[in-house]
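Next comes structure09.pdb, with PDB, C-alpha atoms and all ligand atoms.
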ATOM      1  CA  MET A  20      22.414  14.463   5.015
ATOM      2  CA  ASP A  21      24.831  12.732   7.375
ATOM      3  CA  ILE A  22      23.696   9.126   7.019
ATOM      4  CA  ALA A  23      26.488   7.811   9.254
ATOM      5  CA  ALA A  24      25.323  10.076  12.084
ATOM      6  CA  ILE A  25      21.709   8.992  11.600
ATOM      7  CA  LEU A  26      22.732   5.329  11.731
ATOM      8  CA  ARG A  27      24.687   5.886  14.944
ATOM      9  CA  GLU A  28      21.697   7.640  16.459
ATOM     10  CA  VAL A  29      19.381   4.775  15.424
ATOM     11  CA  ARG A  30      21.710   2.217  16.946
ATOM     12  CA  GLU A  31      21.922   4.112  20.225
ATOM     13  CA  SER A  32      18.166   4.475  20.345
ATOM     14  CA  VAL A  33      17.397   0.778  19.756
ATOM     15  CA  GLY A  34      20.190  -0.133  22.172
ATOM     16  CA  ARG A  35      18.235   1.577  24.949
ATOM     17  CA  SER A  36      15.133  -0.502  24.227
ATOM     18  CA  ALA A  37      14.265  -2.912  27.040
ATOM     19  CA  ASP A  38      11.826  -4.966  24.946
ATOM     20  CA  ARG A  39      13.601  -6.590  22.020
ATOM     21  CA  GLY A  40      10.737  -8.944  21.050
ATOM     22  CA  ALA A  41      10.946 -12.749  20.949
ATOM     23  CA  VAL A  42      13.187 -14.840  18.692
ATOM     24  CA  ALA A  43      11.263 -17.279  16.448
ATOM     25  CA  ASN A  44      11.319 -20.710  18.053
ATOM     26  CA  TYR A  45       9.032 -22.763  15.787
ATOM     27  CA  ILE A  46      12.124 -23.449  13.665
ATOM     28  CA  PRO A  47      14.339 -25.020  16.393
ATOM     29  CA  GLU A  48      17.579 -24.066  14.662
ATOM     30  CA  LEU A  49      16.603 -20.371  14.864
ATOM     31  CA  ALA A  50      15.603 -20.509  18.537
ATOM     32  CA  GLY A  51      19.215 -20.278  19.689
ATOM     33  CA  VAL A  52      20.032 -17.016  17.881
ATOM     34  CA  ASP A  53      21.241 -14.280  20.268
ATOM     35  CA  PRO A  54      18.497 -11.614  20.479
ATOM     36  CA  GLY A  55      21.182  -9.035  21.289
ATOM     37  CA  HIS A  56      22.327  -8.726  17.677
ATOM     38  CA  PHE A  57      21.585  -5.525  15.795
ATOM     39  CA  ALA A  58      22.770  -4.404  12.377
ATOM     40  CA  MET A  59      21.737  -1.909   9.780
ATOM     41  CA  SER A  60      23.160  -1.143   6.358
ATOM     42  CA  VAL A  61      22.181   1.426   3.757
ATOM     43  CA  VAL A  62      23.216   1.730   0.100
ATOM     44  CA  LEU A  63      22.565   5.220  -1.240
ATOM     45  CA  ALA A  64      21.808   6.195  -4.839
ATOM     46  CA  ASP A  65      25.435   7.339  -5.282
ATOM     47  CA  GLY A  66      26.482   3.731  -4.608
ATOM     48  CA  SER A  67      28.044   4.443  -1.214
ATOM     49  CA  GLN A  68      27.295   2.002   1.624
ATOM     50  CA  HIS A  69      27.015   2.829   5.323
ATOM     51  CA  SER A  70      26.573   0.292   8.124
ATOM     52  CA  VAL A  71      26.369  -0.008  11.904
ATOM     53  CA  GLY A  72      26.398  -2.925  14.317
ATOM     54  CA  ASP A  73      26.835  -6.565  13.324
ATOM     55  CA  ALA A  74      26.508  -5.834   9.603
ATOM     56  CA  GLY A  75      29.046  -8.528   8.726
ATOM     57  CA  VAL A  76      27.309 -11.333  10.648
ATOM     58  CA  PRO A  77      25.217 -13.723   8.485
ATOM     59  CA  PHE A  78      21.618 -14.408   9.512
ATOM     60  CA  SER A  79      18.759 -16.475   8.123
ATOM     61  CA  ILE A  80      16.907 -14.285   5.611
ATOM     62  CA  GLN A  81      13.793 -16.520   5.744
ATOM     63  CA  SER A  82      10.871 -14.731   4.066
ATOM     64  CA  VAL A  83      12.992 -11.914   2.668
ATOM     65  CA  SER A  84      13.909 -14.609   0.112
ATOM     66  CA  LYS A  85      10.337 -14.331  -1.208
ATOM     67  CA  VAL A  86      11.280 -11.071  -2.918
ATOM     68  CA  PHE A  87      14.073 -12.720  -4.899
ATOM     69  CA  ALA A  88      11.914 -15.755  -5.711
ATOM     70  CA  LEU A  89       9.159 -13.469  -6.988
ATOM     71  CA  ALA A  90      11.587 -11.518  -9.180
ATOM     72  CA  LEU A  91      12.829 -14.815 -10.605
ATOM     73  CA  ALA A  92       9.283 -16.108 -11.145
ATOM     74  CA  LEU A  93       8.175 -12.967 -12.963
ATOM     75  CA  GLY A  94      11.206 -13.218 -15.206
ATOM     76  CA  ARG A  95      10.477 -16.857 -15.933
ATOM     77  CA  LEU A  96       6.674 -16.836 -16.266
ATOM     78  CA  GLY A  97       5.761 -13.178 -16.725
ATOM     79  CA  ASP A  98       2.161 -12.239 -15.984
ATOM     80  CA  ARG A  99       1.021 -15.868 -16.198
ATOM     81  CA  LEU A 100       2.129 -16.118 -12.581
ATOM     82  CA  TRP A 101      -0.934 -14.074 -11.585
ATOM     83  CA  ASP A 102      -3.254 -16.912 -12.669
ATOM     84  CA  ARG A 103      -2.025 -18.791  -9.612
ATOM     85  CA  VAL A 104      -1.517 -16.123  -6.946
ATOM     86  CA  GLY A 105      -3.239 -12.833  -6.096
ATOM     87  CA  ARG A 106      -2.085  -9.356  -5.184
ATOM     88  CA  GLU A 107      -4.187  -8.483  -2.152
ATOM     89  CA  PRO A 108      -3.040  -8.120   1.436
ATOM     90  CA  SER A 109      -4.298 -11.037   3.502
ATOM     91  CA  GLY A 110      -4.720  -9.372   6.890
ATOM     92  CA  LEU A 111      -3.806 -12.739   8.393
ATOM     93  CA  ALA A 112      -0.707 -14.405   9.805
ATOM     94  CA  PHE A 113       2.013 -15.395   7.338
ATOM     95  CA  ASN A 114       1.266 -19.116   7.745
ATOM     96  CA  SER A 115      -2.536 -18.936   7.900
ATOM     97  CA  ILE A 116      -4.597 -21.520   6.041
ATOM     98  CA  LEU A 117      -7.938 -19.743   6.581
ATOM     99  CA  GLN A 118      -8.454 -17.986   3.247
ATOM    100  CA  LEU A 119      -7.303 -20.862   1.065
ATOM    101  CA  GLU A 120     -10.564 -22.779   1.251
ATOM    102  CA  HIS A 121     -12.785 -19.748   0.632
ATOM    103  CA  GLU A 122     -10.615 -18.612  -2.244
ATOM    104  CA  LYS A 123     -10.291 -22.042  -3.817
ATOM    105  CA  GLY A 124      -6.583 -22.536  -3.450
ATOM    106  CA  ILE A 125      -5.471 -19.184  -4.920
ATOM    107  CA  PRO A 126      -3.311 -17.529  -2.224
ATOM    108  CA  ARG A 127      -3.886 -13.844  -1.642
ATOM    109  CA  ASN A 128      -0.342 -12.715  -2.489
ATOM    110  CA  PRO A 129       3.198 -14.015  -3.166
ATOM    111  CA  PHE A 130       4.535 -13.003   0.263
ATOM    112  CA  ILE A 131       2.340 -15.069   2.587
ATOM    113  CA  ASN A 132       3.592 -18.642   2.894
ATOM    114  CA  ALA A 133       0.862 -20.174   0.702
ATOM    115  CA  GLY A 134       1.633 -17.677  -2.077
ATOM    116  CA  ALA A 135       5.373 -18.113  -1.776
ATOM    117  CA  ILE A 136       5.002 -21.894  -1.985
ATOM    118  CA  VAL A 137       3.072 -21.438  -5.246
ATOM    119  CA  VAL A 138       5.765 -19.076  -6.572
ATOM    120  CA  THR A 139       8.486 -21.614  -5.771
ATOM    121  CA  ASP A 140       6.416 -24.371  -7.365
ATOM    122  CA  ALA A 141       5.962 -22.253 -10.507
ATOM    123  CA  VAL A 142       9.681 -21.544 -10.923
ATOM    124  CA  LEU A 143      10.526 -25.110 -10.067
ATOM    125  CA  ALA A 144       8.162 -26.335 -12.805
ATOM    126  CA  THR A 145       9.813 -29.461 -14.140
ATOM    127  CA  HIS A 146      13.309 -28.665 -12.890
ATOM    128  CA  ALA A 147      15.123 -30.401 -10.064
ATOM    129  CA  PRO A 148      15.176 -28.494  -6.734
ATOM    130  CA  ARG A 149      18.966 -28.292  -7.031
ATOM    131  CA  GLU A 150      18.653 -26.352 -10.300
ATOM    132  CA  TYR A 151      16.070 -23.975  -8.860
ATOM    133  CA  LEU A 152      18.193 -23.288  -5.780
ATOM    134  CA  GLY A 153      21.265 -22.763  -7.946
ATOM    135  CA  GLU A 154      19.368 -20.254 -10.026
ATOM    136  CA  LEU A 155      17.993 -18.451  -6.981
ATOM    137  CA  LEU A 156      21.408 -18.263  -5.322
ATOM    138  CA  GLY A 157      22.850 -17.036  -8.618
ATOM    139  CA  PHE A 158      20.239 -14.275  -8.739
ATOM    140  CA  ILE A 159      20.910 -13.214  -5.134
ATOM    141  CA  ARG A 160      24.700 -13.315  -5.601
ATOM    142  CA  THR A 161      24.472 -11.230  -8.779
ATOM    143  CA  ALA A 162      22.165  -8.749  -7.053
ATOM    144  CA  ALA A 163      24.544  -8.449  -4.105
ATOM    145  CA  GLY A 164      27.691  -8.553  -6.254
ATOM    146  CA  ASP A 165      29.016 -11.177  -3.847
ATOM    147  CA  ASP A 166      29.482 -14.924  -4.349
ATOM    148  CA  ASP A 167      29.919 -15.658  -0.656
ATOM    149  CA  ILE A 168      26.207 -16.262  -0.014
ATOM    150  CA  HIS A 169      25.061 -19.764   0.948
ATOM    151  CA  ILE A 170      22.241 -21.924   2.251
ATOM    152  CA  ASN A 171      22.413 -23.067   5.878
ATOM    153  CA  GLN A 172      21.589 -26.772   5.578
ATOM    154  CA  ALA A 173      20.944 -27.182   9.318
ATOM    155  CA  VAL A 174      18.245 -24.485   9.214
ATOM    156  CA  ALA A 175      16.653 -26.080   6.129
ATOM    157  CA  ARG A 176      16.660 -29.489   7.819
ATOM    158  CA  SER A 177      15.261 -28.063  11.031
ATOM    159  CA  GLU A 178      12.325 -26.492   9.216
ATOM    160  CA  THR A 179      11.729 -29.624   7.136
ATOM    161  CA  GLU A 180      11.283 -31.581  10.373
ATOM    162  CA  THR A 181       8.913 -29.098  11.991
ATOM    163  CA  GLY A 182       7.195 -27.385   9.050
ATOM    164  CA  HIS A 183       3.817 -29.029   9.498
ATOM    165  CA  ARG A 184       1.826 -25.893   8.734
ATOM    166  CA  ASN A 185       3.692 -25.443   5.462
ATOM    167  CA  PHE A 186       3.050 -29.105   4.599
ATOM    168  CA  ALA A 187      -0.648 -28.506   5.341
ATOM    169  CA  LEU A 188      -0.643 -25.468   3.037
ATOM    170  CA  ALA A 189       1.174 -27.343   0.268
ATOM    171  CA  HIS A 190      -1.178 -30.332   0.397
ATOM    172  CA  TYR A 191      -4.155 -27.997   0.420
ATOM    173  CA  LEU A 192      -2.814 -26.165  -2.639
ATOM    174  CA  ARG A 193      -2.238 -29.488  -4.364
ATOM    175  CA  ALA A 194      -5.832 -30.550  -3.620
ATOM    176  CA  PHE A 195      -7.012 -27.425  -5.465
ATOM    177  CA  GLY A 196      -4.700 -28.150  -8.404
ATOM    178  CA  ASN A 197      -2.476 -25.148  -7.622
ATOM    179  CA  LEU A 198       0.692 -27.137  -6.955
ATOM    180  CA  THR A 199       2.200 -28.983  -9.895
ATOM    181  CA  ASN A 200       4.984 -30.783  -8.026
ATOM    182  CA  PRO A 201       4.685 -33.232  -5.121
ATOM    183  CA  PRO A 202       4.420 -31.163  -1.887
ATOM    184  CA  GLU A 203       7.702 -32.509  -0.486
ATOM    185  CA  LEU A 204       9.590 -31.475  -3.627
ATOM    186  CA  THR A 205       8.274 -27.911  -3.667
ATOM    187  CA  LEU A 206       8.658 -27.564   0.100
ATOM    188  CA  GLY A 207      12.198 -28.932  -0.002
ATOM    189  CA  SER A 208      13.033 -26.066  -2.360
ATOM    190  CA  TYR A 209      11.054 -23.551  -0.307
ATOM    191  CA  PHE A 210      12.702 -24.494   3.014
ATOM    192  CA  HIS A 211      16.169 -24.251   1.443
ATOM    193  CA  GLN A 212      15.282 -20.897  -0.115
ATOM    194  CA  CYS A 213      14.242 -19.594   3.326
ATOM    195  CA  ALA A 214      17.519 -20.910   4.792
ATOM    196  CA  VAL A 215      19.705 -18.599   2.669
ATOM    197  CA  GLU A 216      22.046 -16.687   4.970
ATOM    198  CA  MET A 217      23.229 -13.157   4.324
ATOM    199  CA  THR A 218      24.804 -10.326   6.248
ATOM    200  CA  CYS A 219      23.100  -6.942   6.453
ATOM    201  CA  ASP A 220      25.832  -5.552   4.194
ATOM    202  CA  GLN A 221      25.037  -8.196   1.565
ATOM    203  CA  LEU A 222      21.273  -7.833   1.878
ATOM    204  CA  ALA A 223      21.335  -4.060   1.407
ATOM    205  CA  ARG A 224      23.428  -4.514  -1.739
ATOM    206  CA  ALA A 225      21.104  -7.273  -2.971
ATOM    207  CA  GLY A 226      18.243  -4.763  -2.686
ATOM    208  CA  ARG A 227      19.860  -2.283  -5.095
ATOM    209  CA  PHE A 228      17.992  -3.679  -8.111
ATOM    210  CA  LEU A 229      14.728  -2.512  -6.483
ATOM    211  CA  MET A 230      15.919   1.092  -6.088
ATOM    212  CA  GLU A 231      15.468   2.165  -9.695
ATOM    213  CA  ALA A 232      18.457   4.456  -9.507
ATOM    214  CA  PRO A 233      21.058   4.980 -12.257
ATOM    215  CA  GLY A 234      24.077   2.728 -11.968
ATOM    216  CA  MET A 235      22.312   0.073  -9.875
ATOM    217  CA  PRO A 236      22.125  -3.552 -11.083
ATOM    218  CA  ARG A 237      19.259  -3.985 -13.531
ATOM    219  CA  LEU A 238      17.902  -7.504 -12.980
ATOM    220  CA  VAL A 239      14.234  -6.968 -13.834
ATOM    221  CA  SER A 240      12.391  -4.346 -15.877
ATOM    222  CA  PRO A 241      11.491  -0.993 -14.240
ATOM    223  CA  ASP A 242       7.830  -1.929 -14.582
ATOM    224  CA  ARG A 243       8.354  -5.085 -12.522
ATOM    225  CA  VAL A 244      10.492  -3.266  -9.967
ATOM    226  CA  ARG A 245       7.518  -0.980  -9.282
ATOM    227  CA  ARG A 246       5.177  -3.919  -8.927
ATOM    228  CA  ILE A 247       7.458  -5.796  -6.567
ATOM    229  CA  ASN A 248       7.746  -2.634  -4.467
ATOM    230  CA  ALA A 249       3.955  -2.223  -4.475
ATOM    231  CA  LEU A 250       3.560  -5.766  -3.154
ATOM    232  CA  MET A 251       6.245  -5.213  -0.528
ATOM    233  CA  LEU A 252       4.383  -2.138   0.691
ATOM    234  CA  THR A 253       0.946  -3.777   0.776
ATOM    235  CA  CYS A 254       1.839  -7.369   1.731
ATOM    236  CA  GLY A 255       5.489  -7.496   2.872
ATOM    237  CA  HIS A 256       4.686  -7.646   6.592
ATOM    238  CA  TYR A 257       1.570  -9.885   6.540
ATOM    239  CA  ASP A 258      -1.006  -8.667   9.055
ATOM    240  CA  GLY A 259       1.467  -5.969  10.074
ATOM    241  CA  SER A 260       1.703  -4.490   6.546
ATOM    242  CA  GLY A 261      -0.658  -1.584   7.148
ATOM    243  CA  GLU A 262       1.167  -0.681  10.338
ATOM    244  CA  PHE A 263       4.567  -0.814   8.598
ATOM    245  CA  ALA A 264       3.302   1.382   5.735
ATOM    246  CA  PHE A 265       1.812   3.801   8.270
ATOM    247  CA  ARG A 266       4.922   4.006  10.414
ATOM    248  CA  VAL A 267       7.720   3.663   7.866
ATOM    249  CA  GLY A 268       6.068   4.718   4.588
ATOM    250  CA  LEU A 269       8.363   2.544   2.457
ATOM    251  CA  PRO A 270       8.094  -0.914   0.815
ATOM    252  CA  GLY A 271       9.627  -3.574   3.043
ATOM    253  CA  LYS A 272       9.879  -7.342   3.311
ATOM    254  CA  SER A 273      10.467  -9.065   6.611
ATOM    255  CA  GLY A 274      11.562 -12.547   7.625
ATOM    256  CA  VAL A 275      11.272 -14.494  10.889
ATOM    257  CA  GLY A 276      15.066 -14.483  11.135
ATOM    258  CA  GLY A 277      14.596 -10.826  12.128
ATOM    259  CA  GLY A 278      15.741  -9.252   8.881
ATOM    260  CA  ILE A 279      13.904  -6.584   6.892
ATOM    261  CA  LEU A 280      14.786  -5.295   3.421
ATOM    262  CA  THR A 281      13.353  -1.834   2.846
ATOM    263  CA  ILE A 282      13.476   0.255  -0.318
ATOM    264  CA  ALA A 283      13.383   4.034  -0.583
ATOM    265  CA  PRO A 284      12.768   4.257  -4.357
ATOM    266  CA  GLY A 285      15.401   6.310  -6.147
ATOM    267  CA  ARG A 286      17.233   6.900  -2.865
ATOM    268  CA  ALA A 287      18.310   3.856  -0.889
ATOM    269  CA  ALA A 288      18.247   0.134  -0.205
ATOM    270  CA  ILE A 289      18.171  -0.575   3.529
ATOM    271  CA  ALA A 290      18.744  -3.836   5.388
ATOM    272  CA  VAL A 291      18.193  -4.215   9.112
ATOM    273  CA  TRP A 292      18.559  -7.198  11.431
ATOM    274  CA  SER A 293      17.388  -7.684  14.986
ATOM    275  CA  PRO A 294      16.261 -11.256  15.744
ATOM    276  CA  GLY A 295      13.485 -10.483  18.252
ATOM    277  CA  LEU A 296      10.031 -10.407  16.647
ATOM    278  CA  ASN A 297       6.756  -8.619  17.380
ATOM    279  CA  ALA A 298       3.367 -10.349  17.534
ATOM    280  CA  GLN A 299       3.089 -10.442  13.721
ATOM    281  CA  GLY A 300       6.454 -12.174  13.322
ATOM    282  CA  ASN A 301       8.274  -9.070  12.083
ATOM    283  CA  SER A 302      11.487  -7.745  13.641
ATOM    284  CA  LYS A 303      10.480  -5.496  16.528
ATOM    285  CA  LEU A 304      13.567  -3.305  16.800
ATOM    286  CA  GLY A 305      14.188  -3.624  13.056
ATOM    287  CA  THR A 306      10.846  -1.962  12.394
ATOM    288  CA  GLU A 307      11.590   0.766  14.940
ATOM    289  CA  ALA A 308      15.009   1.313  13.393
ATOM    290  CA  VAL A 309      13.744   1.754   9.816
ATOM    291  CA  GLU A 310      10.949   3.969  11.078
ATOM    292  CA  MET A 311      13.488   6.219  12.750
ATOM    293  CA  LEU A 312      15.876   6.173   9.782
ATOM    294  CA  ALA A 313      13.102   6.991   7.280
ATOM    295  CA  ARG A 314      11.879   9.853   9.403
ATOM    296  CA  ARG A 315      15.346  11.341  10.004
ATOM    297  CA  ALA A 316      16.303  10.976   6.331
ATOM    298  CA  GLY A 317      12.929  12.272   5.131
ATOM    299  CA  TRP A 318      12.288   9.167   3.008
ATOM    300  CA  SER A 319       8.719   8.126   2.199
ATOM    301  CA  VAL A 320       6.893   6.985  -0.926
ATOM    302  CA  PHE A 321       4.106   9.353   0.105
ATOM    303  CA  GLY A 322       6.026  12.550  -0.567
TER     304      GLY A 322
HETATM  305  N1  LIG B 401      10.462 -20.385   6.543
HETATM  306  C1  LIG B 401       9.463 -19.635   7.275
HETATM  307  C2  LIG B 401       8.130 -20.337   7.173
HETATM  308  O1  LIG B 401       7.807 -20.791   6.108
HETATM  309  C3  LIG B 401       9.383 -18.249   6.725
HETATM  310  C4  LIG B 401       8.362 -17.390   7.434
HETATM  311  C5  LIG B 401       8.768 -15.964   7.596
HETATM  312  O2  LIG B 401       9.913 -15.602   7.502
HETATM  313  N2  LIG B 401       7.802 -15.136   7.900
HETATM  314  O3  LIG B 401       7.386 -20.405   8.116
END
Conversion result in structure tokens:
Amino acid sequence: MDIAAILREVRESVGRSADRGAVANYIPELAGVDPGHFAMSVVLADGSQHSVGDAGVPFSIQSVSKVFALALALGRLGDRLWDRVGREPSGLAFNSILQLEHEKGIPRNPFINAGAIVVTDAVLATHAPREYLGELLGFIRTAAGDDDIHINQAVARSETETGHRNFALAHYLRAFGNLTNPPELTLGSYFHQCAVEMTCDQLARAGRFLMEAPGMPRLVSPDRVRRINALMLTCGHYDGSGEFAFRVGLPGKSGVGGGILTIAPGRAAIAVWSPGLNAQGNSKLGTEAVEMLARRAGWSVFG
């Protein structure tokens, strides 16, 4: 398989697309990102890496960080985490508050905002936010094999000033006894976690631990890798998760910065970035690009 040729073909195809989606603007600092960017990077099971486009340009990973936070939380708390967060797709927007009242403050899954806030709160426990963020960055840097990965403070500040829905979710969780820290402490950590910046090259390498291939970094047990992948497939794109599974057939986690980390188990870790989003807040061209790549490469978890 000529992966470099496939990547070139994907880039040409998305380059012809007239509709690139809309850049997220509810976080003011992200509203100014150029929607013209496109990058894709693939690490294969033999360890080789292949990239096209702006694969060396850092972008805000936003909710892709929820994968790393979950891996950290499972390592720290093990299955006790599941007392506080479920494992069902929500079928609702990433920042919806609707189910929380019906389901008594237990978020559906760790990848919607409410669930991710609980995960951050659980890892934070009694530690200072600075320690949690240091640990998370350490995890991501180890996964990527690259220390040049940082938090964009301006993006974190921007979301802190405008993150009213997340404050609503956090206070609601606290009212149900499912937030142990003061909402502003947990959210401070959560907003900084979302503001981690990475390039597509770095993100693809950071996804290697989810590939379950020999020679890849082993940061969590194989059992947990499978579970994280299962959640990425069923919940990684919010109310667009079914559509992503249908079209791409691989576990993936998106972020409103326009990045998607996708895993072809045993075969590849794929990062894509195109800042314009579809109606569900997932990268529009990014989704089309991984769909095309998966089809050309013949990758699917369904055989
Ligand atoms: N920081 C964003 C938020 O909490 C992350 C959302 C996303 O990437 N889908 O709203």
query = Nearest to ligand LIG 401 (chain B) among A:Ile46, A:Ile125, A:Ala144, A:Ala232, with distances taken over only C-alpha atoms and all ligand atoms: which residue is it?
reply = A:Ile46
Box centre and edge lengths (Å, one decimal), axis-aligned, ligand LIG 401 (chain B) plus 8 Å each side, as lines of an AutoDock Vina configuration file:
center_x = 8.9
center_y = -18.0
center_z = 7.1
size_x = 19.1
size_y = 21.7
size_z = 18.0
request  = List the residues sitting within 8 Å of (19.1, -1.8, 3.7) in the file's frame, using all atoms listed in the file, as JSON, numbers by chain.
outcome  = {"A": [59, 60, 61, 62, 219, 220, 222, 223, 224, 226, 279, 280, 281, 282, 287, 288, 289, 290, 291]}
ask   = Applied to the shown file, which residues does the PyMOL selection byres (((chain A and resi 145-148) around 12) and not hetatm) return, written as a ChimeraX atom specification?
value = /A:139-144,149-155,198-201,203-212
task = Please write out the residues within 9 Å of ligand LIG 401 (chain B) as a ChimeraX atom specification, counting only C-alpha atoms and all ligand atoms.
result = /A:45-46,79-85,112-114,130-133,135-136,175,178,182,184-185,209-214,256-257,273-278,299-301
message = Report, in Å to a single decimal, how far apart atom CA of Leu269 of chain A and atom CA of Gly40 of chain A are.
response = 22.0 Å
note = Students should find that atom CA of Cys254 of chain A and atom CA of Ala88 of chain A are spaced 15.1 Å
message = For a quick check of understanding, using only C-alpha atoms, which of A:Glu107, A:Glu31, A:Glu231, A:Glu216 has the smallest distance to Leu252 of chain A?
response = A:Glu107
request  = Specify as a VMD selection string each residue included when the PyMOL selection byres (((chain A and resi 52) around 9) and not hetatm) is applied to this file.
outcome  = chain A and resid 42 to 43 48 to 51 53 to 56 78 276 294
How would segment 116-151 of chain A look written as an mmCIF file, in the first residue's frame with C-alpha atoms?
data_model
loop_
_atom_site.group_PDB
_atom_site.id
_atom_site.type_symbol
_atom_site.label_atom_id
_atom_site.label_comp_id
_atom_site.auth_asym_id
_atom_site.auth_seq_id
_atom_site.Cartn_x
_atom_site.Cartn_y
_atom_site.Cartn_z
ATOM 1 C CA ILE A 116 -27.241 19.548 30.021
ATOM 2 C CA LEU A 117 -30.479 17.700 29.181
ATOM 3 C CA GLN A 118 -29.725 14.177 30.402
ATOM 4 C CA LEU A 119 -28.017 15.197 33.625
ATOM 5 C CA GLU A 120 -31.220 15.832 35.544
ATOM 6 C CA HIS A 121 -32.951 12.641 34.394
ATOM 7 C CA GLU A 122 -29.869 10.580 35.120
ATOM 8 C CA LYS A 123 -29.169 12.168 38.487
ATOM 9 C CA GLY A 124 -25.846 13.754 37.738
ATOM 10 C CA ILE A 125 -24.146 10.688 36.209
ATOM 11 C CA PRO A 126 -22.987 11.769 32.722
ATOM 12 C CA ARG A 127 -23.566 9.304 29.923
ATOM 13 C CA ASN A 128 -19.902 8.899 28.939
ATOM 14 C CA PRO A 129 -16.409 10.368 29.503
ATOM 15 C CA PHE A 130 -16.304 12.159 26.133
ATOM 16 C CA ILE A 131 -19.258 14.540 26.433
ATOM 17 C CA ASN A 132 -18.350 17.667 28.388
ATOM 18 C CA ALA A 133 -20.213 16.662 31.570
ATOM 19 C CA GLY A 134 -18.415 13.298 31.610
ATOM 20 C CA ALA A 135 -15.035 14.810 30.860
ATOM 21 C CA ILE A 136 -15.476 17.327 33.679
ATOM 22 C CA VAL A 137 -16.131 14.416 36.059
ATOM 23 C CA VAL A 138 -13.043 12.584 34.753
ATOM 24 C CA THR A 139 -10.885 15.667 35.326
ATOM 25 C CA ASP A 140 -12.392 16.107 38.785
ATOM 26 C CA ALA A 141 -11.631 12.461 39.612
ATOM 27 C CA VAL A 142 -7.972 12.681 38.578
ATOM 28 C CA LEU A 143 -7.636 16.042 40.238
ATOM 29 C CA ALA A 144 -8.951 14.567 43.506
ATOM 30 C CA THR A 145 -7.079 16.439 46.202
ATOM 31 C CA HIS A 146 -4.204 17.590 44.005
ATOM 32 C CA ALA A 147 -3.564 21.125 42.829
ATOM 33 C CA PRO A 148 -4.587 21.858 39.203
ATOM 34 C CA ARG A 149 -0.926 22.541 38.419
ATOM 35 C CA GLU A 150 0.003 18.982 39.424
ATOM 36 C CA TYR A 151 -2.812 17.469 37.378
#
